[in-house]
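Below is data_39.pdb, which holds PDB, C-alpha atoms (C1' of nucleotides).
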```pdb
ATOM      1  CA  MET Z 601       0.378   5.336 -31.026
ATOM      2  CA  PRO Z 602       1.364   2.635 -28.580
ATOM      3  CA  VAL Z 603       4.227   3.333 -26.213
ATOM      4  CA  ILE Z 604       7.159   1.066 -26.891
ATOM      5  CA  LEU Z 605       8.828  -0.083 -23.717
ATOM      6  CA  ARG Z 606      11.140  -2.994 -23.059
ATOM      7  CA  PRO Z 607      10.703  -4.999 -19.826
ATOM      8  CA  SER Z 608      13.957  -3.736 -18.341
ATOM      9  CA  GLN Z 609      12.871  -0.170 -19.012
ATOM     10  CA  ALA Z 610       9.423  -0.770 -17.581
ATOM     11  CA  LEU Z 611      10.851  -2.189 -14.360
ATOM     12  CA  ARG Z 612      13.437   0.553 -14.027
ATOM     13  CA  LEU Z 613      10.730   3.149 -14.558
ATOM     14  CA  TRP Z 614       8.530   1.619 -11.896
ATOM     15  CA  GLN Z 615      11.428   1.447  -9.467
ATOM     16  CA  GLN Z 616      12.393   5.069  -9.993
ATOM     17  CA  VAL Z 617       8.829   6.289  -9.555
ATOM     18  CA  CYS Z 618       8.344   4.184  -6.406
ATOM     19  CA  LEU Z 619      11.614   5.518  -5.025
ATOM     20  CA  SER Z 620      10.516   9.075  -5.746
ATOM     21  CA  GLU Z 621       7.244   8.520  -3.930
ATOM     22  CA  VAL Z 622       8.752   6.673  -0.974
ATOM     23  CA  ARG Z 623      11.474   9.234  -0.454
ATOM     24  CA  GLY Z 624       9.115  12.157  -0.792
ATOM     25  CA  ALA Z 625       6.689  13.209   1.892
ATOM     26  CA  MET Z 626       3.605  12.889  -0.255
ATOM     27  CA  PRO Z 627       0.508  11.236   1.205
ATOM     28  CA  ASP Z 628       0.936   7.519   0.850
ATOM     29  CA  LEU Z 629      -1.920   5.980  -1.115
ATOM     30  CA  THR Z 630      -2.379   2.240  -1.379
ATOM     31  CA  GLU Z 631      -2.478   0.602  -4.776
ATOM     32  CA  ARG Z 632      -6.253   0.369  -4.544
ATOM     33  CA  GLN Z 633      -6.616   3.994  -3.597
ATOM     34  CA  MET Z 634      -4.355   4.956  -6.486
ATOM     35  CA  ALA Z 635      -6.408   2.882  -8.911
ATOM     36  CA  ILE Z 636      -9.597   4.556  -7.676
ATOM     37  CA  LEU Z 637      -8.160   8.062  -7.782
ATOM     38  CA  LEU Z 638      -6.762   7.667 -11.287
ATOM     39  CA  THR Z 639     -10.010   6.150 -12.520
ATOM     40  CA  ILE Z 640     -11.947   9.114 -11.166
ATOM     41  CA  TYR Z 641      -9.610  11.571 -12.836
ATOM     42  CA  LEU Z 642      -9.070   9.768 -16.141
ATOM     43  CA  ASP Z 643     -12.361   8.059 -16.903
ATOM     44  CA  PRO Z 644     -15.420  10.135 -17.790
ATOM     45  CA  PRO Z 645     -17.941  10.794 -14.997
ATOM     46  CA  PRO Z 646     -20.254  10.060 -13.372
ATOM     47  CA  HIS Z 647     -18.499   7.813 -10.836
ATOM     48  CA  THR Z 648     -20.519   5.887  -8.288
ATOM     49  CA  VAL Z 649     -19.443   3.567  -5.493
ATOM     50  CA  ARG Z 650     -21.008   0.620  -7.219
ATOM     51  CA  GLY Z 651     -19.486   1.485 -10.566
ATOM     52  CA  LEU Z 652     -16.024   1.824  -9.105
ATOM     53  CA  ALA Z 653     -16.424  -1.405  -7.176
ATOM     54  CA  GLU Z 654     -17.309  -3.246 -10.367
ATOM     55  CA  LYS Z 655     -14.506  -1.661 -12.355
ATOM     56  CA  LEU Z 656     -11.917  -2.640  -9.753
ATOM     57  CA  ASN Z 657     -13.523  -5.971  -8.943
ATOM     58  CA  VAL Z 658     -13.658  -5.226  -5.216
ATOM     59  CA  THR Z 659     -16.472  -4.965  -2.677
ATOM     60  CA  LYS Z 660     -18.336  -1.736  -2.000
ATOM     61  CA  PRO Z 661     -16.898  -1.169   1.496
ATOM     62  CA  VAL Z 662     -13.458  -1.024  -0.084
ATOM     63  CA  ILE Z 663     -14.603   1.911  -2.169
ATOM     64  CA  THR Z 664     -16.380   3.611   0.730
ATOM     65  CA  ARG Z 665     -13.284   3.399   2.908
ATOM     66  CA  ALA Z 666     -10.990   4.604   0.163
ATOM     67  CA  LEU Z 667     -13.307   7.553  -0.462
ATOM     68  CA  ASP Z 668     -13.289   8.292   3.277
ATOM     69  CA  THR Z 669      -9.516   8.450   3.256
ATOM     70  CA  MET Z 670      -9.225  10.447   0.055
ATOM     71  CA  SER Z 671     -11.987  12.825   1.128
ATOM     72  CA  GLY Z 672      -9.909  13.507   4.215
ATOM     73  CA  LEU Z 673      -7.046  14.393   1.906
ATOM     74  CA  LYS Z 674      -9.450  16.587  -0.115
ATOM     75  CA  PHE Z 675      -8.629  14.571  -3.229
ATOM     76  CA  VAL Z 676     -12.298  13.767  -3.954
ATOM     77  CA  LYS Z 677     -15.732  14.986  -2.880
ATOM     78  CA  ARG Z 678     -18.977  13.076  -2.348
ATOM     79  CA  HIS Z 679     -22.186  14.407  -3.785
ATOM     80  CA  ARG Z 680     -25.687  12.975  -3.537
ATOM     81  CA  ASP Z 681     -27.305  12.295  -6.877
ATOM     82  CA  ALA Z 682     -30.390  14.523  -7.105
ATOM     83  CA  SER Z 683     -32.213  12.270  -9.548
ATOM     84  CA  ASP Z 684     -31.652   9.109  -7.483
ATOM     85  CA  ARG Z 685     -30.819   9.895  -3.902
ATOM     86  CA  ARG Z 686     -29.432   6.425  -3.302
ATOM     87  CA  ASN Z 687     -26.463   7.175  -5.502
ATOM     88  CA  VAL Z 688     -23.336   8.978  -4.416
ATOM     89  CA  LEU Z 689     -21.517  10.784  -7.184
ATOM     90  CA  VAL Z 690     -17.793  11.137  -6.692
ATOM     91  CA  ARG Z 691     -16.428  14.441  -7.905
ATOM     92  CA  ARG Z 692     -12.961  15.773  -8.493
ATOM     93  CA  THR Z 693     -11.312  18.543  -6.510
ATOM     94  CA  VAL Z 694      -8.608  21.067  -7.238
ATOM     95  CA  GLU Z 695      -6.288  19.394  -4.729
ATOM     96  CA  GLY Z 696      -6.850  15.995  -6.288
ATOM     97  CA  ALA Z 697      -6.219  17.330  -9.767
ATOM     98  CA  LEU Z 698      -2.965  18.866  -8.583
ATOM     99  CA  PHE Z 699      -1.884  15.616  -6.966
ATOM    100  CA  VAL Z 700      -2.638  13.609 -10.090
ATOM    101  CA  GLU Z 701      -0.940  16.139 -12.320
ATOM    102  CA  ARG Z 702       2.161  16.199 -10.173
ATOM    103  CA  PHE Z 703       2.288  12.425 -10.157
ATOM    104  CA  GLY Z 704       2.059  12.296 -13.940
ATOM    105  CA  ASP Z 705       4.958  14.713 -14.149
ATOM    106  CA  VAL Z 706       7.040  12.448 -11.907
ATOM    107  CA  VAL Z 707       6.414   9.476 -14.183
ATOM    108  CA  VAL Z 708       7.265  11.511 -17.268
ATOM    109  CA  ALA Z 709      10.464  12.793 -15.684
ATOM    110  CA  ARG Z 710      11.629   9.326 -14.638
ATOM    111  CA  ALA Z 711      10.791   7.950 -18.064
ATOM    112  CA  ALA Z 712      12.892  10.663 -19.683
ATOM    113  CA  GLU Z 713      15.851   9.647 -17.508
ATOM    114  CA  LEU Z 714      15.850   6.051 -18.676
ATOM    115  CA  SER Z 715      18.847   5.089 -20.724
ATOM    116  CA  LEU Z 716      19.220   1.310 -21.099
TER     117      LEU Z 716
ATOM    118  CA  MET L1088      17.499   6.528 -25.383
ATOM    119  CA  PRO L1089      15.031   8.206 -23.064
ATOM    120  CA  VAL L1090      11.443   7.048 -23.134
ATOM    121  CA  ILE L1091       9.134   9.741 -24.441
ATOM    122  CA  LEU L1092       5.852   9.804 -22.564
ATOM    123  CA  ARG L1093       3.245  12.508 -22.282
ATOM    124  CA  PRO L1094       1.582  13.117 -18.882
ATOM    125  CA  SER L1095      -1.765  11.782 -20.031
ATOM    126  CA  GLN L1096      -0.090   8.610 -21.258
ATOM    127  CA  ALA L1097       1.890   8.236 -18.045
ATOM    128  CA  LEU L1098      -1.240   8.525 -15.905
ATOM    129  CA  ARG L1099      -3.223   6.177 -18.104
ATOM    130  CA  LEU L1100      -0.397   3.650 -17.960
ATOM    131  CA  TRP L1101      -0.241   3.837 -14.178
ATOM    132  CA  GLN L1102      -4.000   3.433 -13.921
ATOM    133  CA  GLN L1103      -4.074   0.409 -16.180
ATOM    134  CA  VAL L1104      -1.242  -1.293 -14.324
ATOM    135  CA  CYS L1105      -2.831  -0.577 -10.931
ATOM    136  CA  LEU L1106      -6.142  -1.922 -12.211
ATOM    137  CA  SER L1107      -4.420  -5.066 -13.453
ATOM    138  CA  GLU L1108      -2.792  -5.604 -10.073
ATOM    139  CA  VAL L1109      -5.904  -4.808  -8.034
ATOM    140  CA  ARG L1110      -8.121  -7.063 -10.091
ATOM    141  CA  GLY L1111      -5.657  -9.909 -10.122
ATOM    142  CA  ALA L1112      -5.012 -12.168  -7.185
ATOM    143  CA  MET L1113      -1.329 -11.442  -6.945
ATOM    144  CA  PRO L1114       0.220 -10.791  -3.529
ATOM    145  CA  ASP L1115      -0.357  -7.170  -2.683
ATOM    146  CA  LEU L1116       2.907  -5.356  -2.019
ATOM    147  CA  THR L1117       2.994  -1.865  -0.582
ATOM    148  CA  GLU L1118       4.767   0.893  -2.452
ATOM    149  CA  ARG L1119       7.720   0.574  -0.085
ATOM    150  CA  GLN L1120       7.915  -3.169  -0.533
ATOM    151  CA  MET L1121       7.779  -2.715  -4.293
ATOM    152  CA  ALA L1122      10.577  -0.166  -4.191
ATOM    153  CA  ILE L1123      12.707  -2.538  -2.109
ATOM    154  CA  LEU L1124      11.986  -5.553  -4.279
ATOM    155  CA  LEU L1125      12.748  -3.745  -7.524
ATOM    156  CA  THR L1126      15.917  -2.270  -6.081
ATOM    157  CA  ILE L1127      17.101  -5.731  -5.067
ATOM    158  CA  TYR L1128      16.391  -7.109  -8.521
ATOM    159  CA  LEU L1129      17.574  -4.172 -10.627
ATOM    160  CA  ASP L1130      20.510  -2.704  -8.740
ATOM    161  CA  PRO L1131      23.773  -4.655  -8.451
ATOM    162  CA  PRO L1132      24.360  -6.609  -5.218
ATOM    163  CA  PRO L1133      25.261  -6.770  -2.451
ATOM    164  CA  HIS L1134      22.170  -5.420  -0.721
ATOM    165  CA  THR L1135      22.196  -4.814   3.014
ATOM    166  CA  VAL L1136      19.497  -3.577   5.361
ATOM    167  CA  ARG L1137      21.381  -0.388   6.011
ATOM    168  CA  GLY L1138      22.086   0.222   2.347
ATOM    169  CA  LEU L1139      18.464  -0.236   1.392
ATOM    170  CA  ALA L1140      17.336   1.992   4.250
ATOM    171  CA  GLU L1141      19.610   4.770   3.025
ATOM    172  CA  LYS L1142      18.589   4.372  -0.588
ATOM    173  CA  LEU L1143      14.885   4.595   0.287
ATOM    174  CA  ASN L1144      15.374   7.188   2.995
ATOM    175  CA  VAL L1145      13.513   5.110   5.580
ATOM    176  CA  THR L1146      14.455   3.600   8.933
ATOM    177  CA  LYS L1147      16.005   0.157   9.272
ATOM    178  CA  PRO L1148      12.962  -1.478  10.889
ATOM    179  CA  VAL L1149      11.010  -0.632   7.770
ATOM    180  CA  ILE L1150      13.465  -2.714   5.761
ATOM    181  CA  THR L1151      13.487  -5.550   8.276
ATOM    182  CA  ARG L1152       9.713  -5.786   8.259
ATOM    183  CA  ALA L1153       9.500  -5.614   4.479
ATOM    184  CA  LEU L1154      12.093  -8.386   4.229
ATOM    185  CA  ASP L1155      10.072 -10.442   6.727
ATOM    186  CA  THR L1156       6.995 -10.132   4.543
ATOM    187  CA  MET L1157       8.787 -10.771   1.279
ATOM    188  CA  SER L1158      10.712 -13.680   2.734
ATOM    189  CA  GLY L1159       7.359 -15.195   3.623
ATOM    190  CA  LEU L1160       6.401 -14.849  -0.025
ATOM    191  CA  LYS L1161       9.768 -16.396  -0.990
ATOM    192  CA  PHE L1162      10.594 -13.306  -3.013
ATOM    193  CA  VAL L1163      13.923 -12.725  -1.219
ATOM    194  CA  LYS L1164      16.299 -14.642   1.044
ATOM    195  CA  ARG L1165      18.453 -13.460   3.938
ATOM    196  CA  HIS L1166      22.040 -14.547   4.188
ATOM    197  CA  ARG L1167      24.624 -13.702   6.857
ATOM    198  CA  ASP L1168      27.742 -12.038   5.511
ATOM    199  CA  ALA L1169      30.653 -14.381   6.250
ATOM    200  CA  SER L1170      33.265 -11.638   6.264
ATOM    201  CA  ASP L1171      31.308  -9.406   8.653
ATOM    202  CA  ARG L1172      28.692 -11.300  10.554
ATOM    203  CA  ARG L1173      26.831  -8.163  11.516
ATOM    204  CA  ASN L1174      25.693  -7.702   7.963
ATOM    205  CA  VAL L1175      22.724  -9.393   6.363
ATOM    206  CA  LEU L1176      22.953  -9.852   2.628
ATOM    207  CA  VAL L1177      19.666  -9.931   0.786
ATOM    208  CA  ARG L1178      19.589 -12.372  -2.083
ATOM    209  CA  ARG L1179      17.227 -12.970  -4.954
ATOM    210  CA  THR L1180      15.096 -16.077  -5.431
ATOM    211  CA  VAL L1181      13.550 -17.815  -8.390
ATOM    212  CA  GLU L1182      10.062 -16.928  -7.200
ATOM    213  CA  GLY L1183      11.009 -13.283  -6.796
ATOM    214  CA  ALA L1184      12.561 -13.151 -10.239
ATOM    215  CA  LEU L1185       9.396 -14.627 -11.715
ATOM    216  CA  PHE L1186       7.232 -12.104  -9.920
ATOM    217  CA  VAL L1187       9.361  -9.181 -11.093
ATOM    218  CA  GLU L1188       9.504 -10.502 -14.634
ATOM    219  CA  ARG L1189       5.755 -10.981 -14.772
ATOM    220  CA  PHE L1190       5.205  -7.498 -13.423
ATOM    221  CA  GLY L1191       7.462  -6.010 -16.080
ATOM    222  CA  ASP L1192       5.477  -7.821 -18.734
ATOM    223  CA  VAL L1193       2.260  -6.324 -17.375
ATOM    224  CA  VAL L1194       3.687  -2.813 -17.629
ATOM    225  CA  VAL L1195       4.938  -3.453 -21.161
ATOM    226  CA  ALA L1196       1.563  -4.842 -22.212
ATOM    227  CA  ARG L1197      -0.384  -1.904 -20.796
ATOM    228  CA  ALA L1198       2.048   0.527 -22.398
ATOM    229  CA  ALA L1199       1.523  -1.127 -25.751
ATOM    230  CA  GLU L1200      -2.232  -0.651 -25.392
ATOM    231  CA  LEU L1201      -2.003   3.111 -24.935
ATOM    232  CA  SER L1202      -3.467   5.097 -27.778
ATOM    233  CA  LEU L1203      -3.981   8.788 -26.894
TER     234      LEU L1203
ATOM    235  C1'  DA M 740      40.380  -7.354  27.434
ATOM    236  C1'  DA M 741      37.204  -3.370  28.235
ATOM    237  C1'  DA M 742      34.749   0.347  26.060
ATOM    238  C1'  DG M 743      32.488   1.950  22.226
ATOM    239  C1'  DA M 744      30.537   1.834  17.602
ATOM    240  C1'  DT M 745      27.832  -0.604  14.073
ATOM    241  C1'  DC M 746      24.314  -3.716  12.267
ATOM    242  C1'  DG M 747      20.108  -5.833  12.263
ATOM    243  C1'  DT M 748      16.205  -7.201  15.016
ATOM    244  C1'  DT M 749      12.611  -6.849  18.373
ATOM    245  C1'  DT M 750       9.196  -4.590  21.229
ATOM    246  C1'  DC M 751       5.568  -1.310  22.117
ATOM    247  C1'  DG M 752       1.346   1.265  21.353
ATOM    248  C1'  DG M 753      -1.243   3.092  17.656
ATOM    249  C1'  DC M 754      -3.477   3.409  13.303
ATOM    250  C1'  DC M 755      -5.406   1.883   9.013
ATOM    251  C1'  DC M 756      -6.947  -1.562   5.914
ATOM    252  C1'  DC M 757      -9.241  -5.983   5.178
ATOM    253  C1'  DG M 758     -13.580  -9.168   4.405
ATOM    254  C1'  DT M 759     -18.088 -10.353   5.987
ATOM    255  C1'  DA M 760     -22.293  -9.298   7.684
ATOM    256  C1'  DT M 761     -25.658  -6.007   8.898
ATOM    257  C1'  DC M 762     -28.038  -1.516   8.762
ATOM    258  C1'  DT M 763     -30.290   2.802   6.774
ATOM    259  C1'  DT M 764     -32.043   5.255   3.227
ATOM    260  C1'  DT M 765     -34.219   5.443  -1.062
ATOM    261  C1'  DG M 766     -36.600   3.848  -5.141
ATOM    262  C1'  DC M 767     -39.690   0.469  -7.399
ATOM    263  C1'  DC M 768     -43.978  -2.004  -8.165
ATOM    264  C1'  DG M 769     -47.968  -4.647  -7.293
TER     265       DG M 769
ATOM    266  C1'  DC A 702     -49.950   1.338   1.434
ATOM    267  C1'  DG A 703     -46.725  -2.776   1.955
ATOM    268  C1'  DG A 704     -43.081  -5.636   0.612
ATOM    269  C1'  DC A 705     -38.907  -5.961  -1.924
ATOM    270  C1'  DA A 706     -34.649  -4.528  -4.215
ATOM    271  C1'  DA A 707     -30.687  -1.449  -4.630
ATOM    272  C1'  DA A 708     -27.030   1.839  -3.066
ATOM    273  C1'  DG A 709     -24.052   3.120   0.215
ATOM    274  C1'  DA A 710     -22.480   3.216   4.994
ATOM    275  C1'  DT A 711     -21.377   0.977   9.317
ATOM    276  C1'  DA A 712     -19.888  -2.682  12.872
ATOM    277  C1'  DC A 713     -16.775  -6.142  14.108
ATOM    278  C1'  DG A 714     -12.816  -9.020  14.635
ATOM    279  C1'  DG A 715      -8.326  -9.741  12.582
ATOM    280  C1'  DG A 716      -3.972  -8.613  10.694
ATOM    281  C1'  DG A 717      -0.215  -5.692   8.883
ATOM    282  C1'  DC A 718       2.488  -1.612   8.787
ATOM    283  C1'  DC A 719       4.036   2.500  11.268
ATOM    284  C1'  DG A 720       7.783   5.312  14.163
ATOM    285  C1'  DA A 721      10.526   5.394  18.272
ATOM    286  C1'  DA A 722      13.112   3.174  21.520
ATOM    287  C1'  DA A 723      15.572  -0.609  23.454
ATOM    288  C1'  DC A 724      18.120  -4.962  22.618
ATOM    289  C1'  DG A 725      21.724  -8.647  21.397
ATOM    290  C1'  DA A 726      25.391  -9.765  18.487
ATOM    291  C1'  DT A 727      29.521  -8.508  16.188
ATOM    292  C1'  DC A 728      33.493  -5.712  14.874
ATOM    293  C1'  DT A 729      36.898  -1.966  16.187
ATOM    294  C1'  DT A 730      39.605   0.701  19.016
ATOM    295  C1'  DT A 731      42.595   1.458  22.803
TER     296       DT A 731
END
```
So, in terms of structure tokens, how does the structure I just supplied come out?
Amino acid sequence: MPVILRPSQALRLWQQVCLSEVRGAMPDLTERQMAILLTIYLDPPPHTVRGLAEKLNVTKPVITRALDTMSGLKFVKRHRDASDRRNVLVRRTVEGALFVERFGDVVVARAAELSL
Amino acid sequence: MPVILRPSQALRLWQQVCLSEVRGAMPDLTERQMAILLTIYLDPPPHTVRGLAEKLNVTKPVITRALDTMSGLKFVKRHRDASDRRNVLVRRTVEGALFVERFGDVVVARAAELSL
DNA sequence: AAAGATCGTTTCGGCCCCGTATCTTTGCCG
DNA sequence: CGGCAAAGATACGGGGCCGAAACGATCTTT
């Protein structure tokens, strides 16, 4: 069940969502942070720094820093892997789930408003 | 003709588009810059600094700086208003139109890939 | 023409992100 | 054990964006 979307609708949707986020007072995540957060909440665990770095095609420090920031926001939690202590497993939080859920609702609402 | 989208589809779409942008080598615009650029290309002209600032609910320096950056990328052009020289009219460029068009195509493509 | 309002820009100090290189901890294997 | 590899974090210099305030240029009003 692909979603059918014309380019003008896609652009208008993106604009409306960006405007909603910019106008609102929500914490301002960068595109990379957003990609990481959504991957953690949509793709099946476990999530490691290395795995995320490979999936996003960025270096490991990028992931570490993004996790620092999003840990500060309580959107994710770090957890040492017991079976291999070198690994850090990234886990979801209630606050992060709420943020992601709210964001999805914003996209759905703006999509429903499209008319063209 | 609203676009029907379920939350899980909306989030997956956003993730896939963010991943496409992060992985690619395209110039990295902030959420604010994206909102400004899309507004310039989707909403009818004329576009002024003050008008954009009000529409995004941000201060004027935010707009000035974003226009500086996007002018450097050739995505927009500044143009003094002849009838009131205090105003700056923001105009579109070929490069900007190409960038916006390509971005819309990315969103459409990722939407078409959704399955859930 | 002088005073005041409007528009966009600039300045300032501060913060966060970037990429590269280096470091620490941990696991692996001879 | 000792050396090496792997995972993640940290250090460093650089650059961009931030909000608030001050600035110069241009209308508008009186």
Problem - Counting all atoms listed in the file, chain M residues within 10 Å of chain Z, as a PyMOL selection string - result: chain M and resi 755-758+764-766
Exercise for the section: For the structure shown, which residues end up in the PyMOL selection byres ((chain A) within 9 of (chain L))? Put them as a PyMOL selection string, please? Expected result: chain A and resi 718-720+726-728
Exercise for the section: Show me which bits of chain L are within 6 Å of chain Z, counting all atoms listed in the file, as number ranges by chain. Expected result: L: 1088-1090, 1092, 1094, 1097-1098, 1102, 1105-1106, 1110, 1122, 1125, 1143-1144, 1191, 1195, 1198-1202
Fill in the blank from the handout: Computed gap from atom C1' of A:DG714 to atom CA of Z:Arg678 is 28.5 Å
Exercise for the section: I would like the residues chosen by the PyMOL selection byres ((chain M and resi 747) around 9) on the shown file; could you give them as a ChimeraX atom specification? Expected result: /L:1136-1137,1147-1148,1151,1173-1175 /M:746,748
Handout entry: Interatomic distance (Å, one decimal) between atom CA of L:Arg1179 and atom CA of L:Val1163
Key =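 These atoms are spaced 5.0 Å apart.
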Practice task
Give as a VMD selection string the residues that the PyMOL selection byres ((chain M and resi 769) around 10) matches when applied to the coordinates above.
Solution key: (chain M and resid 767 to 768) or (chain A and resid 703 to 704)
Please produce an output containing C-alpha atoms (C1' of nucleotides) for each residue in the selection, written as a compact mmCIF listing (two decimals), keeping the file's coordinate frame.
```
# COMPACT_ATOMS: atom_id res chain seq x y z
C1' DC M 767 -39.69 0.47 -7.40
C1' DC M 768 -43.98 -2.00 -8.16
C1' DG A 703 -46.72 -2.78 1.96
C1' DG A 704 -43.08 -5.64 0.61
```
Completion exercise
As a check of understanding: the span from atom C1' of A:DA710 to atom CA of Z:Gly696 is 23.1 Å
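Residues lying at most 9 Å from (-19.4, -1.1, 9.4) in file coordinates, with all atoms listed in the file considered, are Pro661 of chain Z; DA760, DT761 and DC762 of chain M; DA710, DT711, DA712 and DC713 of chain A.
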